[in-house]
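Next up, input_21.pdb (PDB, C-alpha atoms):
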ATOM      1  CA  MET A   1     -24.414 -81.539 242.189
ATOM      2  CA  GLY A   2     -27.854 -80.754 240.831
ATOM      3  CA  THR A   3     -29.765 -78.539 238.447
ATOM      4  CA  VAL A   4     -31.961 -75.514 239.123
ATOM      5  CA  THR A   5     -34.308 -74.331 236.398
ATOM      6  CA  ILE A   6     -35.797 -70.859 236.645
ATOM      7  CA  SER A   7     -38.783 -69.778 234.604
ATOM      8  CA  ALA A   8     -39.545 -66.080 234.939
ATOM      9  CA  SER A   9     -42.154 -63.700 233.632
ATOM     10  CA  TYR A  10     -40.912 -60.382 232.293
ATOM     11  CA  GLY A  11     -39.796 -58.106 235.109
ATOM     12  CA  ALA A  12     -39.901 -60.869 237.733
ATOM     13  CA  GLY A  13     -36.121 -60.822 238.212
ATOM     14  CA  GLY A  14     -35.040 -64.005 236.464
ATOM     15  CA  SER A  15     -31.995 -62.512 234.751
ATOM     16  CA  VAL A  16     -30.765 -61.106 238.066
ATOM     17  CA  LEU A  17     -31.671 -63.900 240.448
ATOM     18  CA  ALA A  18     -30.560 -66.875 238.331
ATOM     19  CA  PRO A  19     -26.868 -65.834 238.228
ATOM     20  CA  ARG A  20     -26.967 -64.996 241.938
ATOM     21  CA  VAL A  21     -28.361 -68.411 242.803
ATOM     22  CA  ALA A  22     -25.737 -70.063 240.592
ATOM     23  CA  THR A  23     -22.967 -68.265 242.466
ATOM     24  CA  ARG A  24     -24.424 -69.220 245.841
ATOM     25  CA  LEU A  25     -24.686 -72.883 244.842
ATOM     26  CA  GLY A  26     -21.320 -73.044 243.140
ATOM     27  CA  LEU A  27     -22.991 -74.048 239.876
ATOM     28  CA  PRO A  28     -22.464 -72.586 236.406
ATOM     29  CA  PHE A  29     -25.086 -70.201 235.062
ATOM     30  CA  LEU A  30     -25.719 -71.691 231.637
ATOM     31  CA  ASP A  31     -27.982 -69.280 229.782
ATOM     32  CA  ARG A  32     -25.499 -68.209 227.075
ATOM     33  CA  ALA A  33     -23.550 -71.495 227.170
ATOM     34  CA  ILE A  34     -26.607 -73.298 225.823
ATOM     35  CA  SER A  35     -26.900 -70.845 222.935
ATOM     36  CA  VAL A  36     -23.205 -71.310 222.144
ATOM     37  CA  ALA A  37     -23.542 -75.099 222.099
ATOM     38  CA  ILE A  38     -26.605 -75.016 219.836
ATOM     39  CA  ALA A  39     -24.962 -72.484 217.519
ATOM     40  CA  ALA A  40     -21.854 -74.648 217.194
ATOM     41  CA  GLU A  41     -23.932 -77.663 216.184
ATOM     42  CA  LEU A  42     -26.063 -75.750 213.695
ATOM     43  CA  GLY A  43     -23.267 -73.617 212.299
ATOM     44  CA  ILE A  44     -24.807 -70.262 213.216
ATOM     45  CA  SER A  45     -23.797 -67.353 215.423
ATOM     46  CA  PRO A  46     -24.448 -67.726 219.181
ATOM     47  CA  ASP A  47     -26.162 -64.337 218.969
ATOM     48  CA  ALA A  48     -28.527 -65.425 216.211
ATOM     49  CA  PRO A  49     -32.182 -65.516 217.306
ATOM     50  CA  GLU A  50     -32.339 -69.223 216.453
ATOM     51  CA  ALA A  51     -29.662 -70.039 219.023
ATOM     52  CA  LYS A  52     -31.419 -68.048 221.718
ATOM     53  CA  GLY A  53     -34.407 -70.344 221.783
ATOM     54  CA  GLU A  54     -37.481 -68.726 223.319
ATOM     55  CA  SER A  55     -36.327 -65.114 223.140
ATOM     56  CA  PRO A  56     -39.298 -62.980 222.038
ATOM     57  CA  GLY A  57     -37.630 -61.852 218.815
ATOM     58  CA  GLY A  58     -36.241 -65.271 218.059
ATOM     59  CA  TRP A  59     -37.122 -68.327 216.054
ATOM     60  CA  TRP A  60     -39.972 -69.482 218.261
ATOM     61  CA  ALA A  61     -41.797 -66.161 218.101
ATOM     62  CA  ARG A  62     -41.516 -66.030 214.328
ATOM     63  CA  LEU A  63     -42.686 -69.616 214.089
ATOM     64  CA  ALA A  64     -45.914 -68.685 215.861
ATOM     65  CA  ASN A  65     -46.855 -66.358 213.029
ATOM     66  CA  VAL A  66     -45.495 -68.176 209.976
ATOM     67  CA  SER A  67     -46.507 -71.607 208.715
ATOM     68  CA  ALA A  68     -43.633 -74.082 208.934
ATOM     69  CA  MET A  69     -44.616 -75.313 205.493
ATOM     70  CA  SER A  70     -43.380 -72.077 203.968
ATOM     71  CA  PHE A  71     -39.867 -72.842 205.143
ATOM     72  CA  TYR A  72     -39.859 -76.310 203.637
ATOM     73  CA  ALA A  73     -41.397 -74.995 200.423
ATOM     74  CA  ASP A  74     -38.430 -72.656 200.020
ATOM     75  CA  PRO A  75     -35.091 -74.480 200.641
ATOM     76  CA  SER A  76     -33.217 -71.186 200.871
ATOM     77  CA  LEU A  77     -35.253 -70.201 203.925
ATOM     78  CA  ALA A  78     -34.663 -73.568 205.562
ATOM     79  CA  ALA A  79     -30.921 -73.132 205.070
ATOM     80  CA  ILE A  80     -30.956 -69.729 206.771
ATOM     81  CA  HIS A  81     -33.338 -70.697 209.572
ATOM     82  CA  PRO A  82     -32.913 -74.249 210.942
ATOM     83  CA  PRO A  83     -36.243 -76.110 211.212
ATOM     84  CA  GLU A  84     -38.058 -75.720 214.518
ATOM     85  CA  GLN A  85     -37.819 -79.435 215.291
ATOM     86  CA  LEU A  86     -34.038 -79.454 214.920
ATOM     87  CA  VAL A  87     -33.522 -76.391 217.104
ATOM     88  CA  ARG A  88     -35.763 -77.805 219.811
ATOM     89  CA  GLU A  89     -34.047 -81.197 219.735
ATOM     90  CA  ARG A  90     -30.626 -79.609 220.123
ATOM     91  CA  SER A  91     -31.858 -77.487 223.021
ATOM     92  CA  GLU A  92     -33.409 -80.478 224.778
ATOM     93  CA  GLN A  93     -30.269 -82.546 224.222
ATOM     94  CA  ARG A  94     -28.097 -79.837 225.746
ATOM     95  CA  LEU A  95     -30.404 -79.449 228.753
ATOM     96  CA  ARG A  96     -30.233 -83.163 229.470
ATOM     97  CA  GLU A  97     -26.460 -83.194 229.110
ATOM     98  CA  ILE A  98     -26.278 -80.473 231.739
ATOM     99  CA  ALA A  99     -28.634 -82.265 234.126
ATOM    100  CA  GLU A 100     -26.844 -85.597 233.686
ATOM    101  CA  GLY A 101     -23.436 -83.984 234.019
ATOM    102  CA  SER A 102     -22.180 -81.395 236.474
ATOM    103  CA  GLY A 103     -25.520 -79.583 236.696
ATOM    104  CA  GLY A 104     -26.141 -75.849 236.604
ATOM    105  CA  VAL A 105     -28.674 -73.055 236.857
ATOM    106  CA  ILE A 106     -30.748 -72.683 233.695
ATOM    107  CA  LEU A 107     -32.926 -69.680 232.900
ATOM    108  CA  GLY A 108     -35.849 -70.188 230.540
ATOM    109  CA  ARG A 109     -35.858 -72.619 227.581
ATOM    110  CA  ALA A 110     -38.805 -74.524 229.076
ATOM    111  CA  ALA A 111     -36.202 -76.374 231.131
ATOM    112  CA  ALA A 112     -38.672 -77.316 233.875
ATOM    113  CA  ILE A 113     -40.795 -79.106 231.270
ATOM    114  CA  VAL A 114     -37.892 -80.813 229.514
ATOM    115  CA  LEU A 115     -36.265 -81.905 232.787
ATOM    116  CA  ALA A 116     -39.461 -82.728 234.666
ATOM    117  CA  ASP A 117     -38.285 -86.302 235.289
ATOM    118  CA  VAL A 118     -34.853 -85.375 236.660
ATOM    119  CA  GLU A 119     -34.579 -86.318 240.324
ATOM    120  CA  ASN A 120     -31.830 -83.970 241.521
ATOM    121  CA  ALA A 121     -33.433 -80.817 240.150
ATOM    122  CA  LEU A 122     -35.322 -77.844 241.501
ATOM    123  CA  HIS A 123     -37.822 -76.120 239.238
ATOM    124  CA  VAL A 124     -38.635 -72.505 240.153
ATOM    125  CA  ARG A 125     -41.208 -70.123 238.711
ATOM    126  CA  LEU A 126     -40.873 -66.359 239.281
ATOM    127  CA  ASP A 127     -43.944 -64.250 238.630
ATOM    128  CA  GLY A 128     -45.955 -61.396 240.100
ATOM    129  CA  PRO A 129     -48.623 -58.787 239.407
ATOM    130  CA  VAL A 130     -48.236 -57.117 236.029
ATOM    131  CA  GLU A 131     -47.909 -53.608 237.445
ATOM    132  CA  ALA A 132     -45.221 -54.702 239.900
ATOM    133  CA  ARG A 133     -43.247 -56.355 237.115
ATOM    134  CA  ILE A 134     -43.534 -53.307 234.891
ATOM    135  CA  ALA A 135     -42.231 -51.103 237.705
ATOM    136  CA  SER A 136     -39.393 -53.546 238.301
ATOM    137  CA  ALA A 137     -38.405 -53.495 234.624
ATOM    138  CA  MET A 138     -38.431 -49.696 234.615
ATOM    139  CA  ARG A 139     -36.016 -49.616 237.561
ATOM    140  CA  GLN A 140     -33.790 -52.379 236.285
ATOM    141  CA  HIS A 141     -33.472 -51.228 232.671
ATOM    142  CA  GLY A 142     -34.041 -47.493 233.021
ATOM    143  CA  ILE A 143     -36.922 -47.483 230.555
ATOM    144  CA  SER A 144     -40.256 -45.684 230.408
ATOM    145  CA  ALA A 145     -43.532 -47.133 231.621
ATOM    146  CA  GLU A 146     -44.811 -47.395 228.049
ATOM    147  CA  GLU A 147     -41.731 -49.286 226.874
ATOM    148  CA  ALA A 148     -41.872 -51.622 229.863
ATOM    149  CA  LYS A 149     -45.568 -52.338 229.208
ATOM    150  CA  GLN A 150     -44.870 -53.139 225.577
ATOM    151  CA  ASN A 151     -41.883 -55.347 226.438
ATOM    152  CA  ARG A 152     -43.918 -57.171 229.075
ATOM    153  CA  LYS A 153     -46.683 -57.985 226.623
ATOM    154  CA  ILE A 154     -44.311 -59.167 223.891
ATOM    155  CA  ASN A 155     -42.127 -61.235 226.231
ATOM    156  CA  ASP A 156     -44.875 -62.915 228.237
ATOM    157  CA  GLU A 157     -46.969 -63.774 225.189
ATOM    158  CA  ALA A 158     -44.024 -65.102 223.161
ATOM    159  CA  ARG A 159     -42.734 -67.322 225.961
ATOM    160  CA  THR A 160     -46.163 -68.721 226.765
ATOM    161  CA  ARG A 161     -46.858 -69.363 223.092
ATOM    162  CA  TYR A 162     -43.504 -71.101 222.654
ATOM    163  CA  VAL A 163     -44.073 -73.612 225.445
ATOM    164  CA  LYS A 164     -47.687 -74.271 224.485
ATOM    165  CA  GLN A 165     -46.746 -74.916 220.869
ATOM    166  CA  ALA A 166     -43.672 -77.000 221.612
ATOM    167  CA  TYR A 167     -44.883 -79.007 224.609
ATOM    168  CA  ARG A 168     -48.665 -78.589 224.757
ATOM    169  CA  VAL A 169     -48.589 -77.341 228.348
ATOM    170  CA  ASP A 170     -49.147 -74.010 230.088
ATOM    171  CA  PRO A 171     -45.783 -72.715 231.383
ATOM    172  CA  ASN A 172     -47.600 -70.584 233.947
ATOM    173  CA  ALA A 173     -49.227 -73.579 235.665
ATOM    174  CA  ALA A 174     -47.854 -74.187 239.167
ATOM    175  CA  GLU A 175     -47.888 -77.969 238.684
ATOM    176  CA  HIS A 176     -44.660 -77.770 236.668
ATOM    177  CA  TYR A 177     -42.629 -76.260 239.513
ATOM    178  CA  HIS A 178     -41.453 -77.127 242.995
ATOM    179  CA  LEU A 179     -41.485 -73.463 244.020
ATOM    180  CA  VAL A 180     -43.552 -70.527 242.714
ATOM    181  CA  ILE A 181     -42.683 -67.067 244.057
ATOM    182  CA  ASN A 182     -44.399 -63.705 243.721
ATOM    183  CA  THR A 183     -41.300 -61.519 243.403
ATOM    184  CA  GLY A 184     -43.421 -58.393 243.660
ATOM    185  CA  ALA A 185     -44.302 -59.217 247.259
ATOM    186  CA  MET A 186     -40.791 -59.278 248.725
ATOM    187  CA  SER A 187     -37.235 -58.187 248.110
ATOM    188  CA  TRP A 188     -35.095 -60.090 245.642
ATOM    189  CA  ASP A 189     -32.719 -60.914 248.489
ATOM    190  CA  ALA A 190     -35.606 -62.688 250.216
ATOM    191  CA  VAL A 191     -36.514 -64.486 246.987
ATOM    192  CA  GLU A 192     -32.920 -65.640 246.652
ATOM    193  CA  GLU A 193     -32.990 -67.061 250.174
ATOM    194  CA  LEU A 194     -36.239 -68.918 249.472
ATOM    195  CA  ILE A 195     -34.675 -70.531 246.419
ATOM    196  CA  MET A 196     -31.628 -71.543 248.457
ATOM    197  CA  VAL A 197     -33.848 -73.166 251.089
ATOM    198  CA  ALA A 198     -35.776 -75.028 248.388
ATOM    199  CA  ALA A 199     -32.531 -76.128 246.729
ATOM    200  CA  ALA A 200     -31.314 -77.596 250.017
ATOM    201  CA  ALA A 201     -34.622 -79.411 250.412
ATOM    202  CA  ARG A 202     -34.056 -80.953 246.995
ATOM    203  CA  GLY A 203     -30.537 -82.026 247.966
ATOM    204  CA  ILE A 204     -28.740 -79.261 246.065
ATOM    205  CA  VAL A 205     -26.251 -77.592 248.399
ATOM    206  CA  PRO A 206     -23.164 -75.397 247.928
ATOM    207  CA  PRO A 207     -19.839 -77.241 247.969
ATOM    208  CA  THR A 208     -18.029 -77.191 251.316
TER     209      THR A 208
END
Can you give me the file's structure in the form of structure tokens?
Amino acid sequence: MGTVTISASYGAGGSVLAPRVATRLGLPFLDRAISVAIAAELGISPDAPEAKGESPGGWWARLANVSAMSFYADPSLAAIHPPEQLVRERSEQRLREIAEGSGGVILGRAAAIVLADVENALHVRLDGPVEARIASAMRQHGISAEEAKQNRKINDEARTRYVKQAYRVDPNAAEHYHLVINTGAMSWDAVEELIMVAAAARGIVPPT
């Protein structure tokens, strides 16, 4: 089978393109499934920020602004919010189970970094000029330019901070990906086709 990881800046089309690619390849789209698995292990709701990993309002974003020592100093806080190390370990474990099993298309979660050594994988980065991504978010979500600008700043900064803190690498660096696409320079249909071509080159093809 194979695994496709998609890292996407805000407004670059990750949430739209990842499910489409999964359908084309006959692979499961595993964004929420990972949260469900982590939540089950930690005994929390799948919709809790902790289970959602790198979501801007989630555990990782809060961790960037609060000393981890404060959680261990207060056991009640540690009980409510699982320690960062535990959440990350569960996420990494689930990602590897997917890659070693039936495969899938994974959006976010620093999957390209975690699964960098997996042979039958394709790592994709979706990005583009800030203004193009803001315009894309406005169209996709029906929001104002000001709201899109604010969301872009919060999302991009939180995701970059998460990967740098957890893995000591820059998630925006091209060296972590097999394919980097400027989604502001072409239609999303064209981007989808490029990913399909790259998947085939990596030996990941739809079932016949």
List the neighbours of Gly184 (chain A) out to 7 Å using only C-alpha atoms; skip same-chain residues closer than 4 positions along the sequence, and give me the result as a VMD selection string. chain A and resid 128 to 129 132 to 133
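The nearest approach to Ala200 (chain A) among the residues A:Ile106, A:Leu86, A:Ile134, A:Leu122, with all atoms listed in the file taken into account, belongs to A:Leu122.
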To one decimal place in Å, what is the distance between CA of Asp189 (chain A) and CA of Arg20 (chain A)?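 One can read the CA of Asp189 (chain A) to CA of Arg20 (chain A) distance as 9.6 Å.
Going from CA of Ile195 (chain A) to CA of Tyr162 (chain A) covers 25.4 Å.
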Between CA of Gly104 (chain A) and CA of Thr23 (chain A) lies a distance of 10.1 Å
I would like the residues chosen by the PyMOL selection byres ((chain A and resi 114) around 10) on the shown file; could you give them as a PyMOL selection string? chain A and resi 91-93+95-96+109-113+115-118+167
Could you turn the residues from that selection into a file that holds C-alpha atoms, as a tab-separated table (two decimals), keeping the file's coordinate frame?
chain	number	residue	atom	x	y	z
A	91	SER	CA	-31.86	-77.49	223.02
A	92	GLU	CA	-33.41	-80.48	224.78
A	93	GLN	CA	-30.27	-82.55	224.22
A	95	LEU	CA	-30.40	-79.45	228.75
A	96	ARG	CA	-30.23	-83.16	229.47
A	109	ARG	CA	-35.86	-72.62	227.58
A	110	ALA	CA	-38.80	-74.52	229.08
A	111	ALA	CA	-36.20	-76.37	231.13
A	112	ALA	CA	-38.67	-77.32	233.88
A	113	ILE	CA	-40.80	-79.11	231.27
A	115	LEU	CA	-36.26	-81.90	232.79
A	116	ALA	CA	-39.46	-82.73	234.67
A	117	ASP	CA	-38.28	-86.30	235.29
A	118	VAL	CA	-34.85	-85.38	236.66
A	167	TYR	CA	-44.88	-79.01	224.61
